[in-house]
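Engineer: This structure is in structure tokens; I'll ask about it shortly.
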Amino acid sequence: MFDPSLSSALAIGIETVINTALKFDPGTRTQLKALSDKTLCFTLSDIRLSIYLNILEEELYFILRQNTEIDSDTAKSLGPSIIDRADNQLDVDVKLSAKSTQFLNTLFDEPKNFKSAGLDIEGDVHLLADFHRIIKQLDIDWEDALSKFAGPHLSPLLSIPLRAITSKLMHQRRNIDTLTHFFTQEYSLIPQKIEFEQFSTGIHQARIRAERLEAKLTQAKAKSELNP
Amino acid sequence: MDNQDKTHFGYETIDAGEKSERVASVFHSVAAKYDLMNDLMSGGVHRLWKRFTIETSAIRPKQRVLDIAGGTGDLTAQFSKRVGPEGQVILADINSSMLNVGRDKLINRGHAGNIGYIQADAQHLPFPDNYFDCVSIAFGLRNVTDKDLALRSMLRILKPGGRLLILEFSKPNNPLLEKAYDQYSFKLLPFMGKVITNDADSYRYLAESIRMHPDQDTLKSMVLDAGFHQCQYYNMAGGIVALHKALKA
């Protein structure tokens with residue numbers, strides 16, 4: 001059986017790299033703070049791996065979990081409510097599920113919508129779009145990061161290849177932009193809360209006017225019957 | 001415990017009333033170099049076991065956690081970050097030397113504000129009913145004289161839906177690994193204890209106490225018998241260490 005401490009080791013490695021890099025991007029850290037205590041889950045369905053990304057203050061915490069199936073005998077012994085609690089022990093705000101190849105394809109191809117991209121999203125789509133927007137604006141000060149090791153004169157030179165790598169990755173921004181575009185496209189179709197409230201108020205007022213009109217008609221009808 | 005009057009201290013059978021004193025003596029002796037020895041004995045891997053424990057806790061900001069036998073505060077430090085300034089973590093340990101080392105370490109590292117410290121016995125926890133969202137005990141349960149009493153005490157102070165996490169040495173699930181582990185435990189550990197802390201006996205007790213501790217399924221039964229609802233365990237390092245997680249209904 002898979003040793004869970006290995007996944008913890010991997011998570012610690014990823015966190016250390018990312019949080020260390022984030023120390024040199026105070027702007028991104030400040031924006032992440034607004035999403036504190038939110039959890040995103042990326043489920044790679046083909047390899048049965050879930051990656052939980054928890055935003056806590058200005059840092060990111062990762063949990064990697066292998067998704068195992070519960071056999072029917074165990075399920076019966078545990079009972080449905082217990083399984084729900086076990087499955088939901090990590091509360092997520094938004095869950096993105098797809099095969100690993102589909103996740104990669106969204107970076108390099110140009111999908112038309114969620115369905116054609118093979119992405120299944122549950123939960124707070126706004127959170128996903130906000131997180132995407134923040135990551136898009138990532139701007140790590142590599143010179144500052146390297147100056148502690150290489151000094152103020154060498155660090156600008158050494159930061160050049162790192163910037164090149166980052167910009168190469170961000171060249172995929174075209175596809176990240178596409179992803180953001182159809183996130184915004186999709187959730188622009190979902191009414192905002194205030195729009196829905198205005199709509200509900202309009203419906204309510206229309207119903208009141210209709211009832212008033214009906215009452216007036218009934219009154220007028222009654223009058224006409226009394227005075228033919 | 002074998003009967004009401006006797007218990008084990010490693011491989012030695014002693015009076016039940018004597019165990020806590022003998023265990024106290026061990027931890028007074030090892031407290032100053034406890035963290036160093038943990039790193040040396042496990043090659044630093046104990047940090048991964050504790051990290052997995054934190055992940056399994058699913059603790060959220062503003063929650064309240066009790067870290068029993070918290071010793072030098074490894075779990076407490078992590079819980080403190082996760083519960084945030086509006087949450088609370090209580091580090092409890094029956095041993096004053098370990099508690100002092102833990103408190104000094106946490107304060108020196110800047111962990112303050114949401115951490116409280118208490119010298120307490122796991123068998124008689126001095127907290128109200130339904131008080132904590134999570135109770136953890138890492139590498140401490142095997143030192144408790146009456147484990148059933150301690151488990152019932154932990155159940156009482158947990159909120160309904162709260163989680164109990166028991167991280168402890170357990171039984172390897174591979175015979176070859178078990179043999180290698182025996183050699184390591186009974187030959188190398190006391191030698192390291194002698195060299196680093198000049199106390200081979202304490203580390204011999206460590207190895208013996210691990211062998212006397214219930215295995216994974218026995219501990220799971222004990223947890224369920226104490227009144228917990230649902231208990232599952234995760235083996236790590238081939239079963240050398242196990243994390244038991246249980247819920248209070």
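Residue numbers start at 1 in each chain; chains themselves are named A, B, ... in the order of the structure tokens; ligands are numbered from 1 in the order shown.
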May I have the residues within 12 Å of region 7-22 of chain B as a count of residues only, using only C-alpha atoms and disregarding those fewer than 5 positions away in the same chain?
Structural biologist: 30
Engineer: Report as a Markdown table the residues of chain B within 8 Å of chain A, each with its shortest atom pair and distance in Å (one decimal), using only C-alpha atoms, ordered by chain and increasing residue number.
Structural biologist:
```
| residue | atom | partner | partner_atom | distance |
| --- | --- | --- | --- | --- |
| B:Leu48 | CA | A:Ser5 | CA | 5.4 |
| B:Trp49 | CA | A:Ser5 | CA | 5.7 |
| B:Arg51 | CA | A:Ser8 | CA | 6.4 |
| B:Phe52 | CA | A:Ser8 | CA | 5.8 |
| B:Glu55 | CA | A:Ile63 | CA | 6.7 |
| B:Ala58 | CA | A:Leu90 | CA | 5.7 |
| B:Arg60 | CA | A:Asp37 | CA | 7.5 |
| B:Pro61 | CA | A:Asp37 | CA | 7.2 |
| B:Arg82 | CA | A:Leu56 | CA | 7.3 |
| B:Gln230 | CA | A:Leu78 | CA | 7.2 |
| B:Tyr234 | CA | A:Pro4 | CA | 7.6 |
| B:Asn235 | CA | A:Asp3 | CA | 6.9 |
| B:Met236 | CA | A:Asp3 | CA | 5.3 |
| B:Ala237 | CA | A:Asp3 | CA | 6.7 |
| B:Gly238 | CA | A:Asp3 | CA | 7.5 |
```
Engineer: Could you pull out all residues of region 16-232 of chain B with a DSSP call of strand (DSSP E or B) and give them as a PyMOL selection string?
Structural biologist: chain B and resi 64-68+88-93+115-119+132-138+158-169+229-232
Engineer: Write the residues of the preceding selection, restricted to C-alpha atoms, as a JSON list (two decimals), in the first residue's frame.
Structural biologist:
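Written file, result.json:
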```
[["chain", "number", "residue", "atom", "x", "y", "z"],
["B", 64, "ARG", "CA", -9.19, 24.53, 18.93],
["B", 65, "VAL", "CA", -6.62, 21.75, 19.19],
["B", 66, "LEU", "CA", -5.11, 19.81, 22.07],
["B", 67, "ASP", "CA", -1.69, 18.29, 21.47],
["B", 68, "ILE", "CA", -1.20, 15.70, 24.21],
["B", 88, "GLN", "CA", -6.07, 27.99, 19.90],
["B", 89, "VAL", "CA", -3.59, 25.18, 20.43],
["B", 90, "ILE", "CA", -2.90, 23.74, 23.87],
["B", 91, "LEU", "CA", 0.35, 21.85, 24.29],
["B", 92, "ALA", "CA", -0.06, 19.38, 27.12],
["B", 93, "ASP", "CA", 2.62, 17.14, 28.57],
["B", 115, "ILE", "CA", -0.55, 28.59, 22.05],
["B", 116, "GLY", "CA", -1.21, 27.63, 25.66],
["B", 117, "TYR", "CA", 0.82, 25.24, 27.79],
["B", 118, "ILE", "CA", -0.34, 22.88, 30.50],
["B", 119, "GLN", "CA", 1.23, 20.09, 32.50],
["B", 132, "PHE", "CA", -11.74, 20.61, 21.26],
["B", 133, "ASP", "CA", -12.09, 20.22, 17.51],
["B", 134, "CYS", "CA", -9.08, 17.94, 17.38],
["B", 135, "VAL", "CA", -6.97, 16.01, 19.87],
["B", 136, "SER", "CA", -3.60, 14.64, 18.85],
["B", 137, "ILE", "CA", -1.09, 12.45, 20.65],
["B", 138, "ALA", "CA", 2.17, 11.72, 18.88],
["B", 158, "LEU", "CA", -13.71, 16.30, 21.97],
["B", 159, "LYS", "CA", -16.62, 18.07, 20.32],
["B", 160, "PRO", "CA", -19.10, 15.90, 18.42],
["B", 161, "GLY", "CA", -17.54, 15.41, 15.00],
["B", 162, "GLY", "CA", -14.11, 16.13, 16.44],
["B", 163, "ARG", "CA", -11.08, 14.11, 15.41],
["B", 164, "LEU", "CA", -8.65, 12.04, 17.45],
["B", 165, "LEU", "CA", -5.22, 11.45, 15.92],
["B", 166, "ILE", "CA", -2.86, 8.90, 17.42],
["B", 167, "LEU", "CA", 0.59, 8.78, 15.84],
["B", 168, "GLU", "CA", 2.59, 5.95, 17.31],
["B", 169, "PHE", "CA", 5.11, 3.25, 16.65],
["B", 229, "HIS", "CA", -17.18, 6.26, 16.01],
["B", 230, "GLN", "CA", -15.20, 4.99, 13.07],
["B", 231, "CYS", "CA", -11.49, 4.44, 13.35],
["B", 232, "GLN", "CA", -9.06, 3.89, 10.54]]
```
Engineer: Find the distance between CA of Thr43 (chain A) and CA of Asn67 (chain A) and write it in Å to one decimal.
Structural biologist: 9.0 Å
Engineer: For region 44-48 of chain A, list every protein, DNA or RNA residue within 8 Å, evaluated using only C-alpha atoms, and leave out those in the same chain fewer than 5 positions away; present the list as a list in words.
Structural biologist: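 Here the answer would be Gln66, Asn67, Thr68, Ser97, Ala98, Lys99 and Ser100 of chain A.
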